[in-house]
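A.B. asks: File name work_21.csv; file contents CSV, N, CA and C atoms; full text below.
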chain,number,residue,atom,x,y,z
A,1,MET,N,-10.1,59.2,-45.9
A,1,MET,CA,-9.7,58.6,-44.7
A,1,MET,C,-9.8,59.5,-43.5
A,2,ALA,N,-10.5,60.6,-43.7
A,2,ALA,CA,-10.6,61.5,-42.6
A,2,ALA,C,-11.3,60.9,-41.4
A,3,CYS,N,-11.0,61.4,-40.2
A,3,CYS,CA,-11.6,60.9,-39.0
A,3,CYS,C,-11.4,59.4,-38.7
A,4,MET,N,-10.2,59.0,-39.0
A,4,MET,CA,-9.9,57.5,-38.9
A,4,MET,C,-8.7,57.4,-38.0
A,5,CYS,N,-8.7,56.6,-37.0
A,5,CYS,CA,-7.6,56.4,-36.1
A,5,CYS,C,-6.5,55.7,-36.9
A,6,ARG,N,-5.3,55.8,-36.3
A,6,ARG,CA,-4.1,55.3,-37.0
A,6,ARG,C,-4.2,53.8,-37.2
A,7,ALA,N,-4.7,53.1,-36.3
A,7,ALA,CA,-4.8,51.6,-36.4
A,7,ALA,C,-5.8,51.2,-37.5
A,8,ASN,N,-6.9,51.9,-37.6
A,8,ASN,CA,-7.9,51.6,-38.6
A,8,ASN,C,-7.3,52.0,-40.0
A,9,PHE,N,-6.6,53.1,-40.1
A,9,PHE,CA,-6.0,53.5,-41.3
A,9,PHE,C,-5.0,52.4,-41.8
A,10,PHE,N,-4.2,51.9,-40.9
A,10,PHE,CA,-3.2,50.9,-41.2
A,10,PHE,C,-3.9,49.6,-41.7
A,11,ASN,N,-5.0,49.2,-41.0
A,11,ASN,CA,-5.7,48.0,-41.4
A,11,ASN,C,-6.4,48.2,-42.8
A,12,GLN,N,-7.0,49.4,-43.0
A,12,GLN,CA,-7.7,49.6,-44.3
A,12,GLN,C,-6.6,49.7,-45.4
A,13,PHE,N,-5.5,50.3,-45.2
A,13,PHE,CA,-4.5,50.4,-46.2
A,13,PHE,C,-4.0,49.1,-46.5
A,14,LYS,N,-3.7,48.2,-45.5
A,14,LYS,CA,-3.3,46.9,-45.8
A,14,LYS,C,-4.3,46.0,-46.6
A,15,LEU,N,-5.5,46.2,-46.3
A,15,LEU,CA,-6.6,45.5,-47.1
A,15,LEU,C,-6.6,46.0,-48.5
A,16,GLN,N,-6.5,47.3,-48.7
A,16,GLN,CA,-6.6,47.8,-50.1
A,16,GLN,C,-5.3,47.5,-50.9
A,17,PHE,N,-4.1,47.6,-50.3
A,17,PHE,CA,-2.9,47.5,-51.1
A,17,PHE,C,-2.1,46.2,-50.9
A,18,GLY,N,-2.5,45.5,-49.9
A,18,GLY,CA,-1.9,44.2,-49.6
A,18,GLY,C,-0.5,44.3,-48.9
A,19,CYS,N,-0.2,45.5,-48.4
A,19,CYS,CA,1.1,45.6,-47.7
A,19,CYS,C,0.9,46.8,-46.7
A,20,THR,N,1.9,47.0,-45.9
A,20,THR,CA,1.8,48.1,-44.9
A,20,THR,C,2.2,49.4,-45.7
A,21,PRO,N,1.9,50.5,-45.1
A,21,PRO,CA,2.2,51.8,-45.7
A,21,PRO,C,3.7,52.0,-45.9
A,22,LEU,N,4.5,51.5,-44.9
A,22,LEU,CA,6.0,51.6,-45.0
A,22,LEU,C,6.5,50.7,-46.2
A,23,ALA,N,6.0,49.5,-46.3
A,23,ALA,CA,6.4,48.6,-47.3
A,23,ALA,C,6.0,49.2,-48.7
A,24,PHE,N,4.8,49.8,-48.8
A,24,PHE,CA,4.3,50.4,-50.0
A,24,PHE,C,5.2,51.5,-50.5
A,25,GLN,N,5.6,52.3,-49.5
A,25,GLN,CA,6.5,53.4,-49.8
A,25,GLN,C,7.9,52.9,-50.3
A,26,GLN,N,8.4,51.9,-49.6
A,26,GLN,CA,9.7,51.3,-50.0
A,26,GLN,C,9.6,50.7,-51.4
A,27,GLN,N,8.5,50.0,-51.7
A,27,GLN,CA,8.4,49.4,-53.0
A,27,GLN,C,8.4,50.5,-54.1
A,28,LYS,N,7.7,51.6,-53.9
A,28,LYS,CA,7.7,52.7,-54.8
A,28,LYS,C,9.1,53.3,-55.0
A,29,ARG,N,9.8,53.5,-53.9
A,29,ARG,CA,11.2,54.0,-54.0
A,29,ARG,C,12.1,53.1,-54.8
A,30,LEU,N,12.0,51.8,-54.5
A,30,LEU,CA,12.9,50.8,-55.2
A,30,LEU,C,12.5,50.7,-56.7
A,31,LYS,N,11.3,50.8,-57.0
A,31,LYS,CA,10.9,50.8,-58.4
A,31,LYS,C,11.5,52.0,-59.2
A,32,LYS,N,11.4,53.2,-58.5
A,32,LYS,CA,11.9,54.4,-59.1
A,32,LYS,C,13.4,54.3,-59.2
A,33,ALA,N,14.1,53.7,-58.2
A,33,ALA,CA,15.5,53.6,-58.2
A,33,ALA,C,16.0,52.7,-59.3
A,34,ALA,N,15.2,51.6,-59.5
A,34,ALA,CA,15.6,50.7,-60.6
A,34,ALA,C,15.5,51.4,-62.0
A,35,GLU,N,14.5,52.2,-62.1
A,35,GLU,CA,14.3,53.0,-63.4
A,35,GLU,C,15.5,53.9,-63.6
A,36,LEU,N,15.9,54.6,-62.5
A,36,LEU,CA,17.0,55.6,-62.6
A,36,LEU,C,18.3,54.9,-62.9
A,37,ILE,N,18.5,53.7,-62.3
A,37,ILE,CA,19.8,52.9,-62.5
A,37,ILE,C,19.8,52.5,-64.0
A,38,LYS,N,18.7,52.1,-64.6
A,38,LYS,CA,18.6,51.7,-66.0
A,38,LYS,C,19.0,52.9,-66.9
A,39,THR,N,18.7,54.1,-66.5
A,39,THR,CA,19.0,55.3,-67.3
A,39,THR,C,20.4,55.7,-67.2
A,40,GLY,N,21.2,55.1,-66.3
A,40,GLY,CA,22.6,55.4,-66.2
A,40,GLY,C,23.0,56.1,-64.9
A,41,MET,N,22.1,56.4,-64.1
A,41,MET,CA,22.4,57.1,-62.8
A,41,MET,C,23.2,56.2,-61.9
A,42,GLN,N,24.2,56.7,-61.2
A,42,GLN,CA,25.1,55.9,-60.4
A,42,GLN,C,24.3,55.4,-59.2
A,43,ILE,N,24.6,54.1,-58.8
A,43,ILE,CA,23.9,53.5,-57.7
A,43,ILE,C,24.0,54.3,-56.4
A,44,THR,N,25.2,54.8,-56.1
A,44,THR,CA,25.4,55.6,-54.9
A,44,THR,C,24.6,56.8,-54.9
A,45,GLN,N,24.4,57.5,-56.0
A,45,GLN,CA,23.6,58.7,-56.1
A,45,GLN,C,22.1,58.4,-55.9
A,46,VAL,N,21.7,57.3,-56.5
A,46,VAL,CA,20.3,56.9,-56.3
A,46,VAL,C,20.1,56.5,-54.8
A,47,SER,N,21.0,55.8,-54.2
A,47,SER,CA,20.9,55.4,-52.8
A,47,SER,C,20.8,56.6,-51.9
A,48,PHE,N,21.6,57.6,-52.1
A,48,PHE,CA,21.6,58.8,-51.2
A,48,PHE,C,20.4,59.6,-51.4
A,49,GLU,N,20.0,59.9,-52.6
A,49,GLU,CA,18.9,60.8,-52.9
A,49,GLU,C,17.6,60.2,-52.9
A,50,LEU,N,17.3,59.0,-53.4
A,50,LEU,CA,16.0,58.5,-53.5
A,50,LEU,C,15.6,57.6,-52.4
A,51,ILE,N,16.4,56.6,-52.1
A,51,ILE,CA,16.0,55.6,-51.2
A,51,ILE,C,16.1,56.1,-49.7
A,52,GLY,N,16.9,57.1,-49.5
A,52,GLY,CA,17.0,57.7,-48.2
A,52,GLY,C,18.0,57.0,-47.3
A,53,THR,N,19.0,56.4,-47.8
A,53,THR,CA,20.0,55.7,-47.0
A,53,THR,C,21.3,56.1,-47.5
A,54,ASN,N,22.3,56.1,-46.6
A,54,ASN,CA,23.7,56.4,-47.0
A,54,ASN,C,24.5,55.1,-46.9
A,55,CYS,N,23.9,54.0,-46.8
A,55,CYS,CA,24.6,52.7,-46.6
A,55,CYS,C,24.2,51.9,-47.9
A,56,LEU,N,25.2,51.6,-48.7
A,56,LEU,CA,25.0,50.8,-49.9
A,56,LEU,C,24.6,49.4,-49.6
A,57,GLU,N,25.1,48.8,-48.4
A,57,GLU,CA,24.7,47.5,-48.1
A,57,GLU,C,23.2,47.4,-47.8
A,58,ASN,N,22.6,48.4,-47.2
A,58,ASN,CA,21.2,48.5,-46.9
A,58,ASN,C,20.4,48.6,-48.2
A,59,THR,N,20.9,49.4,-49.1
A,59,THR,CA,20.3,49.6,-50.4
A,59,THR,C,20.3,48.2,-51.2
A,60,SER,N,21.4,47.5,-51.1
A,60,SER,CA,21.5,46.2,-51.8
A,60,SER,C,20.5,45.2,-51.2
A,61,THR,N,20.5,45.2,-49.9
A,61,THR,CA,19.6,44.3,-49.2
A,61,THR,C,18.1,44.6,-49.5
A,62,CYS,N,17.7,45.8,-49.5
A,62,CYS,CA,16.3,46.2,-49.9
A,62,CYS,C,16.0,45.8,-51.3
A,63,HIS,N,17.0,46.1,-52.2
A,63,HIS,CA,16.8,45.7,-53.6
A,63,HIS,C,16.6,44.2,-53.8
A,64,LYS,N,17.4,43.5,-53.2
A,64,LYS,CA,17.3,42.0,-53.3
A,64,LYS,C,16.0,41.5,-52.7
A,65,ALA,N,15.5,42.1,-51.6
A,65,ALA,CA,14.3,41.7,-51.0
A,65,ALA,C,13.1,42.1,-51.9
A,66,GLY,N,13.2,43.2,-52.6
A,66,GLY,CA,12.1,43.7,-53.4
A,66,GLY,C,12.0,43.0,-54.8
A,67,TYR,N,13.2,42.5,-55.2
A,67,TYR,CA,13.2,41.9,-56.6
A,67,TYR,C,13.6,40.5,-56.5
In structure tokens, write the structure found in this file.

C.D. replies:
Amino acid sequence: MACMCRANFFNQFKLQFGCTPLAFQQQKRLKKAAELIKTGMQITQVSFELIGTNCLENTSTCHKAGY
């Protein structure tokens, strides 16, 4: 994707993956978070370290929207 302007990259990414780059990244983080929670990791720890938020309400909202 060298020599591509930001808008073209965004459009090509959306065509290839069916979502925006930000949504793609968030989906990956939520998937990893779900795996960690299943292994016994605390939700607060997952929220702070992986998802990048210190607000549990935001984590819950993102999880509900993704699943």

A.B. asks: Quick one: pull the distance between atom N of Glu35 of chain A and atom N of Gly18 of chain A, Å, one decimal.

C.D. replies: 22.0 Å

A.B. asks: At what distance in Å, to one decimal, does atom N of Phe17 of chain A lie from atom CA of Cys5 of chain A?

C.D. replies: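 Those two atoms sit 17.1 Å apart.
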
A.B. asks: Any idea what the distance is between atom C of Thr20 of chain A and atom CA of Ser47 of chain A?

C.D. replies: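 Result for atom C of Thr20 of chain A versus atom CA of Ser47 of chain A: 20.9 Å, one decimal.
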
A.B. asks: Given the block above, output segment 2-44 of chain A with N, CA and C atoms as a PDB file, in the first residue's frame.

C.D. replies:
ATOM      1  N   ALA A   2       2.064   1.113  -0.503  1.00  0.00           N
ATOM      2  CA  ALA A   2       2.957   2.261  -0.565  1.00  0.00           C
ATOM      3  C   ALA A   2       2.439   3.283  -1.565  1.00  0.00           C
ATOM      4  N   CYS A   3       2.786   4.515  -1.338  1.00  0.00           N
ATOM      5  CA  CYS A   3       2.410   5.625  -2.226  1.00  0.00           C
ATOM      6  C   CYS A   3       0.896   5.741  -2.382  1.00  0.00           C
ATOM      7  N   MET A   4       0.188   5.567  -1.313  1.00  0.00           N
ATOM      8  CA  MET A   4      -1.267   5.664  -1.347  1.00  0.00           C
ATOM      9  C   MET A   4      -1.697   6.720  -0.325  1.00  0.00           C
ATOM     10  N   CYS A   5      -2.569   7.601  -0.742  1.00  0.00           N
ATOM     11  CA  CYS A   5      -3.035   8.622   0.198  1.00  0.00           C
ATOM     12  C   CYS A   5      -3.946   7.974   1.252  1.00  0.00           C
ATOM     13  N   ARG A   6      -4.146   8.688   2.326  1.00  0.00           N
ATOM     14  CA  ARG A   6      -4.911   8.171   3.453  1.00  0.00           C
ATOM     15  C   ARG A   6      -6.330   7.774   3.070  1.00  0.00           C
ATOM     16  N   ALA A   7      -6.966   8.583   2.257  1.00  0.00           N
ATOM     17  CA  ALA A   7      -8.350   8.303   1.854  1.00  0.00           C
ATOM     18  C   ALA A   7      -8.435   7.037   1.001  1.00  0.00           C
ATOM     19  N   ASN A   8      -7.479   6.867   0.090  1.00  0.00           N
ATOM     20  CA  ASN A   8      -7.478   5.664  -0.734  1.00  0.00           C
ATOM     21  C   ASN A   8      -7.198   4.426   0.100  1.00  0.00           C
ATOM     22  N   PHE A   9      -6.260   4.547   1.058  1.00  0.00           N
ATOM     23  CA  PHE A   9      -5.974   3.417   1.942  1.00  0.00           C
ATOM     24  C   PHE A   9      -7.233   3.025   2.704  1.00  0.00           C
ATOM     25  N   PHE A  10      -7.920   4.005   3.251  1.00  0.00           N
ATOM     26  CA  PHE A  10      -9.147   3.764   4.002  1.00  0.00           C
ATOM     27  C   PHE A  10     -10.165   3.023   3.140  1.00  0.00           C
ATOM     28  N   ASN A  11     -10.374   3.500   1.921  1.00  0.00           N
ATOM     29  CA  ASN A  11     -11.345   2.876   1.018  1.00  0.00           C
ATOM     30  C   ASN A  11     -10.935   1.457   0.640  1.00  0.00           C
ATOM     31  N   GLN A  12      -9.665   1.250   0.333  1.00  0.00           N
ATOM     32  CA  GLN A  12      -9.189  -0.087  -0.026  1.00  0.00           C
ATOM     33  C   GLN A  12      -9.276  -1.047   1.156  1.00  0.00           C
ATOM     34  N   PHE A  13      -8.938  -0.555   2.346  1.00  0.00           N
ATOM     35  CA  PHE A  13      -9.019  -1.377   3.551  1.00  0.00           C
ATOM     36  C   PHE A  13     -10.462  -1.810   3.786  1.00  0.00           C
ATOM     37  N   LYS A  14     -11.369  -0.868   3.649  1.00  0.00           N
ATOM     38  CA  LYS A  14     -12.784  -1.155   3.867  1.00  0.00           C
ATOM     39  C   LYS A  14     -13.311  -2.158   2.842  1.00  0.00           C
ATOM     40  N   LEU A  15     -12.845  -2.060   1.615  1.00  0.00           N
ATOM     41  CA  LEU A  15     -13.245  -3.021   0.583  1.00  0.00           C
ATOM     42  C   LEU A  15     -12.717  -4.422   0.899  1.00  0.00           C
ATOM     43  N   GLN A  16     -11.484  -4.511   1.345  1.00  0.00           N
ATOM     44  CA  GLN A  16     -10.850  -5.800   1.608  1.00  0.00           C
ATOM     45  C   GLN A  16     -11.384  -6.484   2.859  1.00  0.00           C
ATOM     46  N   PHE A  17     -11.584  -5.707   3.927  1.00  0.00           N
ATOM     47  CA  PHE A  17     -11.946  -6.294   5.218  1.00  0.00           C
ATOM     48  C   PHE A  17     -13.387  -6.058   5.640  1.00  0.00           C
ATOM     49  N   GLY A  18     -14.090  -5.191   4.946  1.00  0.00           N
ATOM     50  CA  GLY A  18     -15.495  -4.964   5.253  1.00  0.00           C
ATOM     51  C   GLY A  18     -15.763  -4.065   6.438  1.00  0.00           C
ATOM     52  N   CYS A  19     -14.711  -3.425   6.951  1.00  0.00           N
ATOM     53  CA  CYS A  19     -14.881  -2.493   8.061  1.00  0.00           C
ATOM     54  C   CYS A  19     -13.741  -1.485   8.036  1.00  0.00           C
ATOM     55  N   THR A  20     -13.864  -0.459   8.831  1.00  0.00           N
ATOM     56  CA  THR A  20     -12.822   0.562   8.891  1.00  0.00           C
ATOM     57  C   THR A  20     -11.602   0.012   9.640  1.00  0.00           C
ATOM     58  N   PRO A  21     -10.440   0.638   9.459  1.00  0.00           N
ATOM     59  CA  PRO A  21      -9.259   0.192  10.196  1.00  0.00           C
ATOM     60  C   PRO A  21      -9.448   0.237  11.717  1.00  0.00           C
ATOM     61  N   LEU A  22     -10.111   1.262  12.210  1.00  0.00           N
ATOM     62  CA  LEU A  22     -10.350   1.368  13.642  1.00  0.00           C
ATOM     63  C   LEU A  22     -11.266   0.252  14.135  1.00  0.00           C
ATOM     64  N   ALA A  23     -12.324  -0.029  13.405  1.00  0.00           N
ATOM     65  CA  ALA A  23     -13.238  -1.109  13.779  1.00  0.00           C
ATOM     66  C   ALA A  23     -12.524  -2.465  13.724  1.00  0.00           C
ATOM     67  N   PHE A  24     -11.663  -2.653  12.732  1.00  0.00           N
ATOM     68  CA  PHE A  24     -10.894  -3.889  12.600  1.00  0.00           C
ATOM     69  C   PHE A  24     -10.003  -4.093  13.818  1.00  0.00           C
ATOM     70  N   GLN A  25      -9.319  -3.035  14.212  1.00  0.00           N
ATOM     71  CA  GLN A  25      -8.434  -3.109  15.378  1.00  0.00           C
ATOM     72  C   GLN A  25      -9.241  -3.401  16.646  1.00  0.00           C
ATOM     73  N   GLN A  26     -10.370  -2.764  16.793  1.00  0.00           N
ATOM     74  CA  GLN A  26     -11.201  -2.980  17.966  1.00  0.00           C
ATOM     75  C   GLN A  26     -11.729  -4.416  18.010  1.00  0.00           C
ATOM     76  N   GLN A  27     -12.119  -4.966  16.871  1.00  0.00           N
ATOM     77  CA  GLN A  27     -12.587  -6.347  16.821  1.00  0.00           C
ATOM     78  C   GLN A  27     -11.497  -7.314  17.244  1.00  0.00           C
ATOM     79  N   LYS A  28     -10.272  -7.067  16.779  1.00  0.00           N
ATOM     80  CA  LYS A  28      -9.144  -7.926  17.156  1.00  0.00           C
ATOM     81  C   LYS A  28      -8.889  -7.863  18.657  1.00  0.00           C
ATOM     82  N   ARG A  29      -8.938  -6.658  19.220  1.00  0.00           N
ATOM     83  CA  ARG A  29      -8.719  -6.505  20.659  1.00  0.00           C
ATOM     84  C   ARG A  29      -9.811  -7.196  21.466  1.00  0.00           C
ATOM     85  N   LEU A  30     -11.061  -7.052  21.040  1.00  0.00           N
ATOM     86  CA  LEU A  30     -12.169  -7.687  21.757  1.00  0.00           C
ATOM     87  C   LEU A  30     -12.086  -9.204  21.684  1.00  0.00           C
ATOM     88  N   LYS A  31     -11.667  -9.723  20.546  1.00  0.00           N
ATOM     89  CA  LYS A  31     -11.515 -11.166  20.401  1.00  0.00           C
ATOM     90  C   LYS A  31     -10.435 -11.686  21.337  1.00  0.00           C
ATOM     91  N   LYS A  32      -9.314 -10.985  21.388  1.00  0.00           N
ATOM     92  CA  LYS A  32      -8.223 -11.364  22.284  1.00  0.00           C
ATOM     93  C   LYS A  32      -8.667 -11.229  23.747  1.00  0.00           C
ATOM     94  N   ALA A  33      -9.425 -10.182  24.051  1.00  0.00           N
ATOM     95  CA  ALA A  33      -9.919  -9.975  25.414  1.00  0.00           C
ATOM     96  C   ALA A  33     -10.839 -11.118  25.832  1.00  0.00           C
ATOM     97  N   ALA A  34     -11.706 -11.552  24.925  1.00  0.00           N
ATOM     98  CA  ALA A  34     -12.611 -12.659  25.231  1.00  0.00           C
ATOM     99  C   ALA A  34     -11.825 -13.934  25.528  1.00  0.00           C
ATOM    100  N   GLU A  35     -10.757 -14.168  24.765  1.00  0.00           N
ATOM    101  CA  GLU A  35      -9.920 -15.340  25.009  1.00  0.00           C
ATOM    102  C   GLU A  35      -9.252 -15.266  26.370  1.00  0.00           C
ATOM    103  N   LEU A  36      -8.740 -14.094  26.734  1.00  0.00           N
ATOM    104  CA  LEU A  36      -8.068 -13.930  28.018  1.00  0.00           C
ATOM    105  C   LEU A  36      -9.031 -14.085  29.190  1.00  0.00           C
ATOM    106  N   ILE A  37     -10.246 -13.588  29.019  1.00  0.00           N
ATOM    107  CA  ILE A  37     -11.246 -13.714  30.080  1.00  0.00           C
ATOM    108  C   ILE A  37     -11.609 -15.179  30.294  1.00  0.00           C
ATOM    109  N   LYS A  38     -11.691 -15.935  29.193  1.00  0.00           N
ATOM    110  CA  LYS A  38     -11.999 -17.364  29.296  1.00  0.00           C
ATOM    111  C   LYS A  38     -10.901 -18.132  30.028  1.00  0.00           C
ATOM    112  N   THR A  39      -9.667 -17.645  29.942  1.00  0.00           N
ATOM    113  CA  THR A  39      -8.557 -18.322  30.628  1.00  0.00           C
ATOM    114  C   THR A  39      -8.464 -17.935  32.100  1.00  0.00           C
ATOM    115  N   GLY A  40      -9.317 -17.010  32.538  1.00  0.00           N
ATOM    116  CA  GLY A  40      -9.353 -16.665  33.950  1.00  0.00           C
ATOM    117  C   GLY A  40      -8.779 -15.306  34.298  1.00  0.00           C
ATOM    118  N   MET A  41      -8.356 -14.551  33.331  1.00  0.00           N
ATOM    119  CA  MET A  41      -7.827 -13.216  33.599  1.00  0.00           C
ATOM    120  C   MET A  41      -8.969 -12.302  34.031  1.00  0.00           C
ATOM    121  N   GLN A  42      -8.703 -11.419  34.960  1.00  0.00           N
ATOM    122  CA  GLN A  42      -9.718 -10.502  35.466  1.00  0.00           C
ATOM    123  C   GLN A  42     -10.123  -9.499  34.383  1.00  0.00           C
ATOM    124  N   ILE A  43     -11.406  -9.162  34.359  1.00  0.00           N
ATOM    125  CA  ILE A  43     -11.928  -8.241  33.349  1.00  0.00           C
ATOM    126  C   ILE A  43     -11.270  -6.876  33.465  1.00  0.00           C
ATOM    127  N   THR A  44     -11.052  -6.407  34.676  1.00  0.00           N
ATOM    128  CA  THR A  44     -10.419  -5.099  34.847  1.00  0.00           C
ATOM    129  C   THR A  44      -9.006  -5.095  34.288  1.00  0.00           C
TER     130      THR A  44
END
